[in-house]
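Asks: query-v2.txt is the file, holding compact mmCIF, C-alpha atoms:
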```
# COMPACT_ATOMS: atom_id res chain seq x y z
CA MET U 1372 0.00 0.00 0.00
CA PRO U 1373 1.65 3.34 -1.02
CA VAL U 1374 2.67 5.69 1.77
CA PRO U 1375 1.42 9.26 1.30
CA THR U 1376 4.10 11.91 1.09
CA SER U 1377 2.15 14.33 3.31
CA PRO U 1378 -0.68 13.91 5.80
CA PRO U 1379 -4.18 14.73 4.58
CA ILE U 1380 -5.58 18.10 5.54
CA LEU U 1381 -8.66 17.69 7.67
CA ALA U 1382 -11.19 20.40 8.34
CA THR U 1383 -11.38 20.37 12.14
CA PRO U 1384 -12.23 23.26 14.46
CA ARG U 1385 -9.40 24.82 16.41
CA ASP U 1386 -10.98 23.70 19.69
CA ALA U 1387 -11.62 20.09 18.62
CA LEU U 1388 -10.90 17.56 21.32
CA PRO U 1389 -8.56 14.62 20.93
CA GLY U 1390 -10.43 11.63 19.66
CA ASP U 1391 -12.84 13.48 17.38
CA GLY U 1392 -13.42 11.41 14.28
CA PRO U 1393 -15.78 8.82 12.81
CA GLU U 1394 -18.34 7.31 15.12
CA PRO U 1395 -17.22 4.18 16.96
CA GLY U 1396 -18.12 1.08 15.06
CA ALA U 1397 -18.31 2.79 11.67
CA PRO U 1398 -17.13 0.43 8.89
CA ALA U 1399 -13.64 1.13 7.60
CA PRO U 1400 -13.11 1.62 3.84
CA PRO U 1401 -11.66 -1.34 1.92
CA GLU U 1402 -7.88 -1.47 1.89
CA GLY U 1403 -6.51 0.43 -1.08
CA ALA U 1404 -9.76 2.26 -1.75
CA PRO U 1405 -9.38 5.94 -2.53
CA ALA U 1406 -10.49 8.49 0.02
CA PRO U 1407 -14.09 9.55 -0.44
CA ASP U 1408 -13.08 13.00 -1.68
CA SER U 1409 -9.89 12.05 -3.52
CA ARG U 1410 -11.50 12.82 -6.89
CA ARG U 1411 -13.03 16.16 -5.92
CA ALA U 1412 -12.81 18.96 -8.43
CA PRO U 1413 -9.96 21.48 -8.14
CA GLY U 1414 -10.79 24.07 -5.50
CA GLN U 1415 -13.64 22.00 -4.04
CA ARG U 1416 -13.56 21.93 -0.24
CA ARG U 1417 -13.36 18.62 1.54
CA ALA U 1418 -16.65 17.76 3.28
CA PRO U 1419 -16.28 17.01 6.99
CA ALA U 1420 -16.49 13.34 7.84
CA PRO U 1421 -19.66 12.27 9.67
CA GLY U 1422 -19.01 12.35 13.40
CA SER U 1423 -15.96 14.60 13.13
CA GLY U 1424 -15.63 17.84 15.04
CA ALA U 1425 -16.13 19.85 11.85
CA HIS U 1426 -19.24 17.88 11.01
CA ARG U 1427 -20.72 18.65 14.43
CA ALA U 1428 -19.64 22.28 14.17
CA THR U 1429 -21.81 22.75 11.10
CA GLY U 1430 -24.65 20.74 12.56
CA GLY U 1431 -24.10 18.01 9.97
CA ARG U 1432 -26.60 19.68 7.62
CA ARG U 1433 -26.31 20.90 4.05
CA PRO U 1434 -27.68 24.27 2.90
CA ALA U 1435 -30.94 22.62 1.81
CA GLY U 1436 -31.32 21.15 5.30
CA ARG U 1437 -30.67 24.52 6.90
CA ALA U 1438 -33.24 26.18 4.62
CA ARG U 1439 -35.77 23.52 5.58
CA SER U 1440 -35.05 24.16 9.26
CA VAL U 1441 -35.61 27.89 8.75
CA LEU U 1442 -38.99 27.19 7.16
CA VAL U 1443 -39.97 24.76 9.92
CA VAL U 1444 -38.99 27.10 12.74
CA GLY U 1445 -40.65 30.05 11.03
CA ALA U 1446 -43.86 28.06 10.62
CA VAL U 1447 -43.86 27.00 14.29
CA HIS U 1448 -43.25 30.57 15.42
CA ALA U 1449 -45.95 32.05 13.21
CA GLY U 1450 -48.48 29.30 13.93
CA SER U 1451 -48.01 29.29 17.69
CA ALA U 1452 -48.11 33.10 17.92
CA LEU U 1453 -51.26 33.29 15.79
CA LEU U 1454 -53.02 30.59 17.81
CA HIS U 1455 -52.09 32.21 21.13
CA LEU U 1456 -53.41 35.57 19.98
CA VAL U 1457 -56.62 34.12 18.52
CA VAL U 1458 -57.42 32.22 21.71
CA LEU U 1459 -56.57 35.29 23.79
CA ALA U 1460 -58.86 37.45 21.64
CA LEU U 1461 -61.70 34.95 22.03
CA MET U 1462 -61.32 34.95 25.80
CA VAL U 1463 -61.11 38.72 26.31
CA PRO U 1464 -64.40 39.94 27.85
CA PRO U 1465 -66.37 42.28 25.56
CA ASP U 1466 -66.27 45.10 28.10
CA GLY U 1467 -62.69 44.50 29.24
CA ALA U 1468 -59.21 45.53 28.13
CA GLY U 1469 -58.26 44.44 24.62
CA VAL U 1470 -55.56 42.04 23.42
CA ARG U 1471 -52.87 44.73 23.27
CA ASP U 1472 -53.56 45.80 26.85
CA ARG U 1473 -53.41 42.19 28.01
CA LEU U 1474 -50.01 41.75 26.34
CA LEU U 1475 -48.79 44.84 28.19
CA ALA U 1476 -50.18 43.97 31.62
CA TRP U 1477 -48.42 43.76 34.97
CA ASP U 1478 -44.61 43.69 34.71
CA ALA U 1479 -44.78 44.81 31.09
CA ARG U 1480 -45.86 48.22 32.35
CA HIS U 1481 -42.61 48.58 34.27
CA PHE U 1482 -40.55 47.66 31.20
CA VAL U 1483 -42.47 50.16 29.07
CA ASP U 1484 -41.96 52.88 31.68
CA ILE U 1485 -38.21 52.18 31.74
CA ALA U 1486 -38.01 52.26 27.94
CA ARG U 1487 -39.91 55.55 27.84
CA ASP U 1488 -38.70 57.41 30.95
CA GLY U 1489 -35.59 55.61 32.21
CA TYR U 1490 -34.92 54.41 35.76
CA PRO U 1491 -35.91 56.32 38.93
CA ALA U 1492 -33.18 58.21 40.72
CA GLY U 1493 -33.68 56.57 44.12
CA PHE U 1494 -35.83 54.50 46.42
CA THR U 1495 -39.61 54.86 46.20
CA HIS U 1496 -41.81 55.24 49.30
CA GLY U 1497 -45.56 55.02 49.81
CA PRO U 1498 -47.77 57.61 51.53
CA ASP U 1499 -47.01 55.95 54.86
CA GLY U 1500 -43.27 56.20 54.30
CA GLU U 1501 -42.84 52.48 53.69
CA LEU U 1502 -40.36 51.39 51.03
CA THR U 1503 -42.03 50.18 47.83
CA GLY U 1504 -40.77 48.41 44.73
CA ASN U 1505 -39.87 50.37 41.63
CA GLU U 1506 -38.43 49.93 38.14
CA LEU U 1507 -34.87 49.44 39.42
CA ALA U 1508 -35.87 45.84 40.19
CA PHE U 1509 -36.03 45.15 36.43
CA PHE U 1510 -32.86 44.45 34.49
CA PRO U 1511 -31.92 46.82 31.65
CA LEU U 1512 -31.29 44.93 28.40
CA TYR U 1513 -34.90 44.30 27.37
CA PRO U 1514 -36.13 47.89 27.96
CA LEU U 1515 -33.02 49.21 26.19
CA LEU U 1516 -33.86 47.11 23.13
CA VAL U 1517 -37.48 48.30 23.33
CA ARG U 1518 -36.29 51.92 23.37
CA ALA U 1519 -33.96 51.27 20.43
CA LEU U 1520 -36.71 49.63 18.37
CA ALA U 1521 -39.10 52.46 19.15
CA ALA U 1522 -36.49 55.02 18.08
CA LEU U 1523 -35.73 53.16 14.85
CA THR U 1524 -39.32 52.49 13.81
CA GLY U 1525 -41.32 55.32 15.35
CA LEU U 1526 -43.47 52.85 17.30
CA ASP U 1527 -44.76 53.77 20.71
CA ALA U 1528 -43.00 52.08 23.63
CA GLY U 1529 -45.81 49.58 24.27
CA THR U 1530 -46.00 48.34 20.69
CA ALA U 1531 -42.20 48.21 20.53
CA ALA U 1532 -42.17 46.08 23.70
CA VAL U 1533 -44.51 43.49 22.15
CA ALA U 1534 -42.60 43.55 18.86
CA THR U 1535 -39.28 43.06 20.66
CA ALA U 1536 -40.70 40.04 22.49
CA HIS U 1537 -41.92 38.51 19.19
CA LEU U 1538 -38.55 39.01 17.50
CA ALA U 1539 -36.74 37.56 20.51
CA LEU U 1540 -39.02 34.52 20.50
CA ALA U 1541 -38.23 33.88 16.84
CA ALA U 1542 -34.49 34.00 17.63
CA ALA U 1543 -35.02 31.74 20.64
CA LEU U 1544 -36.84 29.10 18.60
CA PHE U 1545 -34.10 29.06 15.98
CA ALA U 1546 -31.44 28.60 18.67
CA VAL U 1547 -33.36 25.90 20.57
CA HIS U 1548 -34.14 24.03 17.35
CA ALA U 1549 -30.49 24.10 16.28
CA LEU U 1550 -29.33 22.91 19.71
CA LEU U 1551 -31.84 20.05 19.98
CA ALA U 1552 -31.14 19.00 16.39
CA ARG U 1553 -27.43 18.70 17.21
CA LEU U 1554 -28.15 16.75 20.40
CA TYR U 1555 -31.06 14.51 19.37
CA GLY U 1556 -31.99 15.02 15.73
CA GLU U 1557 -34.52 16.98 13.69
CA ARG U 1558 -37.67 15.22 14.91
CA VAL U 1559 -36.88 15.88 18.57
CA ALA U 1560 -36.00 19.48 17.70
CA LEU U 1561 -39.36 20.00 15.97
CA ALA U 1562 -41.35 18.47 18.83
CA GLY U 1563 -39.30 20.47 21.31
CA ILE U 1564 -39.99 23.88 19.82
CA VAL U 1565 -43.70 23.11 19.41
CA LEU U 1566 -43.87 22.21 23.09
CA LEU U 1567 -41.81 25.26 24.00
CA ALA U 1568 -43.71 27.87 22.00
CA GLY U 1569 -47.21 26.45 22.13
CA ALA U 1570 -47.86 23.72 24.65
CA GLN U 1571 -46.31 24.72 27.94
CA PRO U 1572 -48.85 26.49 30.12
CA MET U 1573 -47.39 30.00 30.18
CA ALA U 1574 -45.88 30.14 26.68
CA LEU U 1575 -48.08 33.19 26.08
CA THR U 1576 -45.61 35.14 28.22
CA PHE U 1577 -43.10 34.90 25.37
CA LEU U 1578 -45.40 37.15 23.33
CA MET U 1579 -46.04 39.69 26.07
CA GLY U 1580 -44.01 42.74 27.00
CA TYR U 1581 -41.86 40.63 29.32
CA SER U 1582 -38.17 39.73 29.17
CA GLU U 1583 -38.70 35.93 29.12
CA SER U 1584 -38.37 35.58 25.35
CA LEU U 1585 -35.18 37.64 25.23
CA PHE U 1586 -33.70 35.68 28.11
CA LEU U 1587 -34.57 32.40 26.38
CA ALA U 1588 -33.00 33.57 23.11
CA LEU U 1589 -29.75 34.54 24.83
CA ALA U 1590 -29.64 31.42 27.02
CA ALA U 1591 -30.30 29.08 24.08
CA GLY U 1592 -27.73 30.97 22.00
CA THR U 1593 -25.22 30.51 24.80
CA LEU U 1594 -25.85 26.77 24.97
CA LEU U 1595 -25.61 26.44 21.19
CA ALA U 1596 -22.31 28.34 21.17
CA LEU U 1597 -21.01 26.11 23.98
CA HIS U 1598 -21.88 22.98 21.99
CA ARG U 1599 -19.98 24.42 19.03
CA ARG U 1600 -17.09 25.38 21.35
CA ALA U 1601 -17.40 29.02 20.34
CA TRP U 1602 -16.28 30.08 23.78
CA LEU U 1603 -16.13 33.84 23.46
CA THR U 1604 -19.52 33.98 21.73
CA ALA U 1605 -20.97 31.92 24.57
CA GLY U 1606 -19.37 34.20 27.14
CA TRP U 1607 -20.72 37.40 25.63
CA LEU U 1608 -24.20 35.96 25.21
CA ALA U 1609 -24.14 34.80 28.83
CA LEU U 1610 -23.08 38.27 29.92
CA LEU U 1611 -26.12 39.69 28.09
CA CYS U 1612 -28.26 37.11 29.90
CA GLY U 1613 -26.98 38.61 33.13
CA LEU U 1614 -28.23 42.01 32.01
CA THR U 1615 -31.67 40.56 31.22
CA ARG U 1616 -32.71 38.57 34.29
CA PRO U 1617 -31.04 37.52 37.57
CA ALA U 1618 -31.78 33.90 36.58
CA ALA U 1619 -28.66 34.23 34.41
CA LEU U 1620 -26.94 32.40 37.26
CA ALA U 1621 -28.23 29.23 35.58
CA VAL U 1622 -26.55 30.21 32.31
CA ALA U 1623 -23.27 31.00 34.07
CA LEU U 1624 -23.32 27.56 35.70
CA ALA U 1625 -23.84 25.93 32.30
CA VAL U 1626 -20.87 27.84 30.88
CA ALA U 1627 -18.73 26.77 33.83
CA VAL U 1628 -19.71 23.11 33.38
CA ALA U 1629 -18.98 23.17 29.64
CA ALA U 1630 -15.62 24.87 30.21
CA ALA U 1631 -14.68 22.41 32.96
CA GLN U 1632 -15.56 19.47 30.69
CA HIS U 1633 -13.44 20.86 27.87
CA LEU U 1634 -10.44 21.60 30.07
CA TRP U 1635 -10.63 18.17 31.71
CA ARG U 1636 -10.76 16.33 28.39
CA SER U 1637 -8.06 18.40 26.71
CA ARG U 1638 -5.76 18.13 29.76
CA ARG U 1639 -4.50 21.68 29.15
CA LEU U 1640 -5.48 25.14 30.32
CA THR U 1641 -6.65 27.37 27.47
CA ALA U 1642 -7.72 30.98 27.68
CA ARG U 1643 -11.00 30.99 25.76
CA PRO U 1644 -13.05 28.68 28.04
CA VAL U 1645 -11.81 30.56 31.11
CA ALA U 1646 -12.67 33.89 29.50
CA ALA U 1647 -16.16 32.57 28.73
CA VAL U 1648 -16.73 31.76 32.41
CA VAL U 1649 -15.49 35.20 33.50
CA LEU U 1650 -17.78 36.94 31.02
CA ALA U 1651 -20.73 34.76 32.01
CA CYS U 1652 -20.36 35.78 35.64
CA ALA U 1653 -20.07 39.52 34.94
CA GLY U 1654 -23.53 40.67 33.77
CA THR U 1655 -25.75 40.42 36.83
CA PRO U 1656 -23.14 41.68 39.34
CA ALA U 1657 -22.52 44.68 37.06
CA TYR U 1658 -26.17 45.71 37.15
CA LEU U 1659 -26.52 45.10 40.90
CA ALA U 1660 -23.40 47.21 41.48
CA TRP U 1661 -24.82 49.99 39.29
CA VAL U 1662 -28.07 50.04 41.29
CA GLY U 1663 -26.09 50.06 44.52
CA ALA U 1664 -23.96 52.99 43.36
CA ARG U 1665 -27.04 54.90 42.16
CA LEU U 1666 -28.84 54.50 45.49
CA GLY U 1667 -25.84 54.52 47.82
CA ARG U 1668 -26.41 51.04 49.27
CA VAL U 1669 -24.75 47.79 48.27
CA ASP U 1670 -27.96 45.85 48.91
CA ALA U 1671 -30.26 48.37 47.19
CA TRP U 1672 -31.57 46.00 44.52
CA PHE U 1673 -32.41 43.30 47.07
CA ARG U 1674 -34.26 45.80 49.27
CA ILE U 1675 -36.35 46.98 46.32
CA GLN U 1676 -37.15 43.43 45.25
CA GLN U 1677 -38.20 42.43 48.74
CA ALA U 1678 -40.29 45.55 49.29
CA GLY U 1679 -42.15 45.36 45.99
CA TRP U 1680 -42.57 41.65 45.35
CA GLY U 1681 -41.58 39.82 48.52
CA THR U 1682 -38.92 37.92 46.60
CA ARG U 1683 -36.09 36.37 48.57
CA TRP U 1684 -34.28 33.06 48.66
CA ASP U 1685 -35.94 30.79 51.23
CA HIS U 1686 -34.78 27.34 50.03
CA GLY U 1687 -38.27 26.56 48.74
CA ALA U 1688 -40.02 26.90 52.10
CA ALA U 1689 -42.82 29.13 50.77
CA PHE U 1690 -43.42 26.86 47.81
CA ALA U 1691 -43.47 23.78 50.04
CA ARG U 1692 -46.13 25.43 52.23
CA PHE U 1693 -48.13 26.32 49.13
CA LEU U 1694 -47.97 22.72 47.87
CA GLY U 1695 -49.02 21.30 51.23
CA GLU U 1696 -51.99 23.63 51.65
CA THR U 1697 -53.15 23.32 48.04
CA LEU U 1698 -52.94 19.54 47.80
CA ARG U 1699 -54.59 19.15 51.19
CA ARG U 1700 -57.51 21.52 50.59
CA GLY U 1701 -57.78 21.46 46.79
CA GLU U 1702 -59.44 24.87 46.61
CA GLY U 1703 -59.31 26.95 43.44
CA TRP U 1704 -58.47 26.04 39.86
CA VAL U 1705 -55.34 28.20 39.60
CA PRO U 1706 -53.64 26.98 42.81
CA VAL U 1707 -54.42 23.33 42.08
CA SER U 1708 -53.37 23.50 38.42
CA THR U 1709 -50.20 25.40 39.32
CA ALA U 1710 -49.27 22.81 41.94
CA VAL U 1711 -49.89 19.89 39.58
CA LEU U 1712 -48.07 21.48 36.65
CA VAL U 1713 -45.02 22.50 38.71
CA LEU U 1714 -44.82 18.97 40.11
CA ALA U 1715 -44.96 17.70 36.52
CA VAL U 1716 -42.08 20.01 35.63
CA LEU U 1717 -40.05 18.67 38.55
CA GLY U 1718 -40.74 15.09 37.46
CA ALA U 1719 -39.85 15.82 33.83
CA THR U 1720 -36.62 17.51 34.92
CA ALA U 1721 -35.68 14.41 36.92
CA ALA U 1722 -36.53 12.27 33.89
CA ALA U 1723 -34.19 14.38 31.76
CA TRP U 1724 -31.35 13.52 34.13
CA GLY U 1725 -32.26 9.87 33.85
CA ARG U 1726 -32.01 9.97 30.05
CA GLY U 1727 -28.43 11.28 30.16
CA ALA U 1728 -28.86 14.66 28.46
CA TRP U 1729 -25.97 16.97 27.65
CA PRO U 1730 -24.56 18.21 31.00
CA PRO U 1731 -24.60 21.98 30.30
CA LEU U 1732 -28.25 21.79 29.22
CA LEU U 1733 -29.09 19.71 32.28
CA VAL U 1734 -27.35 22.15 34.60
CA TYR U 1735 -28.97 25.20 33.00
CA GLY U 1736 -32.48 23.76 33.04
CA THR U 1737 -32.20 22.31 36.53
CA ALA U 1738 -30.80 25.55 37.93
CA MET U 1739 -33.72 27.44 36.36
CA VAL U 1740 -36.16 25.08 38.07
CA VAL U 1741 -34.38 25.39 41.41
CA LEU U 1742 -34.31 29.18 41.20
CA ALA U 1743 -38.03 29.29 40.40
CA VAL U 1744 -39.20 27.03 43.23
CA GLY U 1745 -36.57 28.11 45.77
CA GLN U 1746 -37.71 31.73 46.03
CA SER U 1747 -40.54 33.21 48.05
CA ASN U 1748 -42.25 34.95 45.13
CA TYR U 1749 -45.91 34.51 44.20
CA TYR U 1750 -46.84 30.90 43.51
CA HIS U 1751 -48.82 31.83 40.37
CA CYS U 1752 -45.62 33.27 38.83
CA LYS U 1753 -43.82 29.93 39.00
CA LEU U 1754 -44.92 28.62 35.60
CA ARG U 1755 -43.89 31.86 33.91
CA LEU U 1756 -40.46 31.72 35.54
CA LEU U 1757 -40.09 28.09 34.45
CA ALA U 1758 -41.00 28.78 30.81
CA PRO U 1759 -37.39 29.33 29.57
CA ALA U 1760 -35.97 26.24 31.31
CA VAL U 1761 -36.30 23.97 28.20
CA VAL U 1762 -34.80 20.84 29.75
CA PHE U 1763 -38.05 19.53 31.21
CA LEU U 1764 -39.49 19.44 27.69
CA VAL U 1765 -36.77 17.12 26.39
CA PRO U 1766 -38.19 13.78 27.64
CA ALA U 1767 -41.59 14.52 26.08
CA ALA U 1768 -39.99 15.71 22.83
CA ARG U 1769 -37.92 12.53 22.58
CA ALA U 1770 -40.95 10.36 23.27
CA LEU U 1771 -43.01 12.18 20.63
CA ALA U 1772 -40.18 11.91 18.11
CA GLY U 1773 -40.23 8.13 18.53
CA ALA U 1774 -44.01 7.83 18.25
CA ARG U 1775 -46.04 7.34 15.09
CA PRO U 1776 -46.52 10.62 13.19
CA ARG U 1777 -50.30 10.59 13.66
CA THR U 1778 -49.97 9.92 17.36
CA ALA U 1779 -47.35 12.64 17.80
CA ALA U 1780 -49.40 15.15 15.80
CA GLY U 1781 -52.54 14.44 17.83
CA VAL U 1782 -50.74 14.74 21.17
CA LEU U 1783 -49.00 17.97 20.14
CA ALA U 1784 -52.25 19.48 18.85
CA GLY U 1785 -54.03 18.76 22.12
CA ALA U 1786 -51.11 20.02 24.19
CA VAL U 1787 -50.88 23.25 22.18
CA LEU U 1788 -54.59 23.94 22.53
CA PHE U 1789 -54.33 23.43 26.28
CA GLY U 1790 -51.26 25.66 26.54
CA CYS U 1791 -52.90 28.45 24.55
CA TRP U 1792 -56.07 28.24 26.64
CA TYR U 1793 -54.22 28.14 29.97
CA GLY U 1794 -52.10 31.20 29.19
CA ALA U 1795 -55.11 33.14 27.94
CA TYR U 1796 -57.07 32.19 31.06
CA MET U 1797 -54.29 33.44 33.33
CA VAL U 1798 -54.15 36.75 31.46
CA THR U 1799 -57.91 37.36 31.18
CA ALA U 1800 -59.65 35.58 34.08
CA TRP U 1801 -57.01 35.44 36.81
CA PRO U 1802 -57.07 38.80 38.65
CA TYR U 1803 -53.47 38.78 39.90
CA ALA U 1804 -50.02 39.16 38.35
CA ILE U 1805 -48.41 36.37 36.41
```
Let's see the structure in the file written out as structure tokens.

Replies:
Amino acid sequence: MPVPTSPPILATPRDALPGDGPEPGAPAPPEGAPAPDSRRAPGQRRAPAPGSGAHRATGGRRPAGRARSVLVVGAVHAGSALLHLVVLALMVPPDGAGVRDRLLAWDARHFVDIARDGYPAGFTHGPDGELTGNELAFFPLYPLLVRALAALTGLDAGTAAVATAHLALAAALFAVHALLARLYGERVALAGIVLLAGAQPMALTFLMGYSESLFLALAAGTLLALHRRAWLTAGWLALLCGLTRPAALAVALAVAVAAAQHLWRSRRLTARPVAAVVLACAGTPAYLAWVGARLGRVDAWFRIQQAGWGTRWDHGAAFARFLGETLRRGEGWVPVSTAVLVLAVLGATAAAWGRGAWPPLLVYGTAMVVLAVGQSNYYHCKLRLLAPAVVFLVPAARALAGARPRTAAGVLAGAVLFGCWYGAYMVTAWPYAI
């Protein structure tokens, strides 16, 4: 067998780990057979081998496959948004606030005020002198984007807030679909984004003037960049997460786990993974420090949050009391449904660990669940806070991907109708904040 005069040039990413190559057990080519691309035309690039680092870096898909994915994700985004809005419109009372007002209710008003007027200069007190919550409790990236969109388009702040949420949701679905396709395949990715955008109970929040859709887009983008080993991209996206919601702690943990895995396997210390971790940990502390400097107290943000919303870390004690009282008395549709659905999320998250999912995704999703149930905030906000967690949807998406197409389609259709109805009910019939 002739010995080549120079080693073949392989298209591998600079951060590829030792051992990247064809999948174990793949049949070897017959001895003496030419390489698959040995007769390629002059100037034609060598295609990455299936299973190689370069193949995974491109998602293993050709341009036609990527175009098909764009169409699929666009259809899911448009269809789920339309169905949510139609159901919401049908459930709005004739003499009540309209669809636009419902999409800009509760916390959305604070974001719109920030986008229009900026942050207050200090603490806010009620007529009795007691400290109250104010807009400084809300992180800045989403209202800044709302202000920018309003300035670019001439839209009012409220309309720009809803439009920003819709655009962020589209970006989030593309990132989640790409990530799940890399991890589990196209069918799981499709089922996953349908469950994410349409079926989970508070998916409507992604279309409201809230920061959930932006946070999901940045978190999913971070995880996708980590899977591609684009460390600095992941770090910057995680930093932006930290300027969107304090739950960015979950994203920072995922970055740290991915970096630790890479450094352990490569057996050498490289700068990019470490830089990604540093960036991921910088966003939230930067905003908390800014609030502290503005108000002259290091703990200013925490005082505002506690005064306005009663939010503090209590290791899940408040949620445990809520579960005990609700399951014992069984009074009220919203408390009972919230308790059952959150317990289902906890079970699905545990099931995701049992199926051996990708560690950074597991850590991110589990940390999101822990942060949601471990705080003393309102119990009826839990499902909204859990909406960007993603990981608890993976077991159902994998099961649906393995089912018969008719069965999967029927289950997804029923789940989406329930999710659209539940979110619309919480926005129109439930009298308290979500």

Asks: Counting only C-alpha atoms, which of U:Ile1485, U:Ala1508, U:Ala1605, U:Val1740 gets nearest to Trp1661 in chain U?

Replies: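 The answer is U:Ala1508, which sits nearest to Trp1661 in chain U.
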
Asks: Using all atoms listed in the file, which of the listed residues (U:Gly1469, U:Gly1504, U:Gly1580, U:Gly1450) sits closest to Ala1671 in chain U?

Replies: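 Once distances to Ala1671 in chain U are computed over all atoms listed in the file, the minimum belongs to U:Gly1504.
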
Asks: Nearest residue to Val1626 in chain U out of U:Ala1721, U:Val1734, U:Phe1673, U:Ala1657, using all atoms listed in the file?

Replies: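 Selected residue with least distance to Val1626 in chain U: U:Val1734.
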
Asks: How many Å separate CA of Ala1479 in chain U from CA of Phe1510 in chain U?

Replies: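 These atoms are spaced 12.4 Å apart.
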
Asks: Using all atoms listed in the file, pick whichever of U:Leu1575, U:Cys1752, U:Ile1564, U:Ala1647 has the shortest atom-to-atom distance to Leu1551 in chain U.

Replies: U:Ile1564

Asks: For Ala1521 in chain U, list every protein, DNA or RNA residue within 9 Å, evaluated using only C-alpha atoms, and leave out those in the same chain fewer than 5 positions away; present the list as a PyMOL selection string.

Replies: chain U and resi 1486+1516+1526-1532

Asks: Counting only C-alpha atoms, what is within 10 Å of Leu1698 in chain U, bar same-chain residues fewer than 4 positions away, as a list in words?

Replies: Phe1693, Leu1694, Glu1702, Pro1706, Val1707, Ala1710 and Val1711 of chain U

Asks: Restricting the calculation to all atoms listed in the file, which member of U:Val1645, U:Gly1569, U:Ala1522, U:Ala1631 is positioned closest to Trp1602 in chain U?

Replies: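 Distance minimum relative to Trp1602 in chain U lands on U:Val1645.
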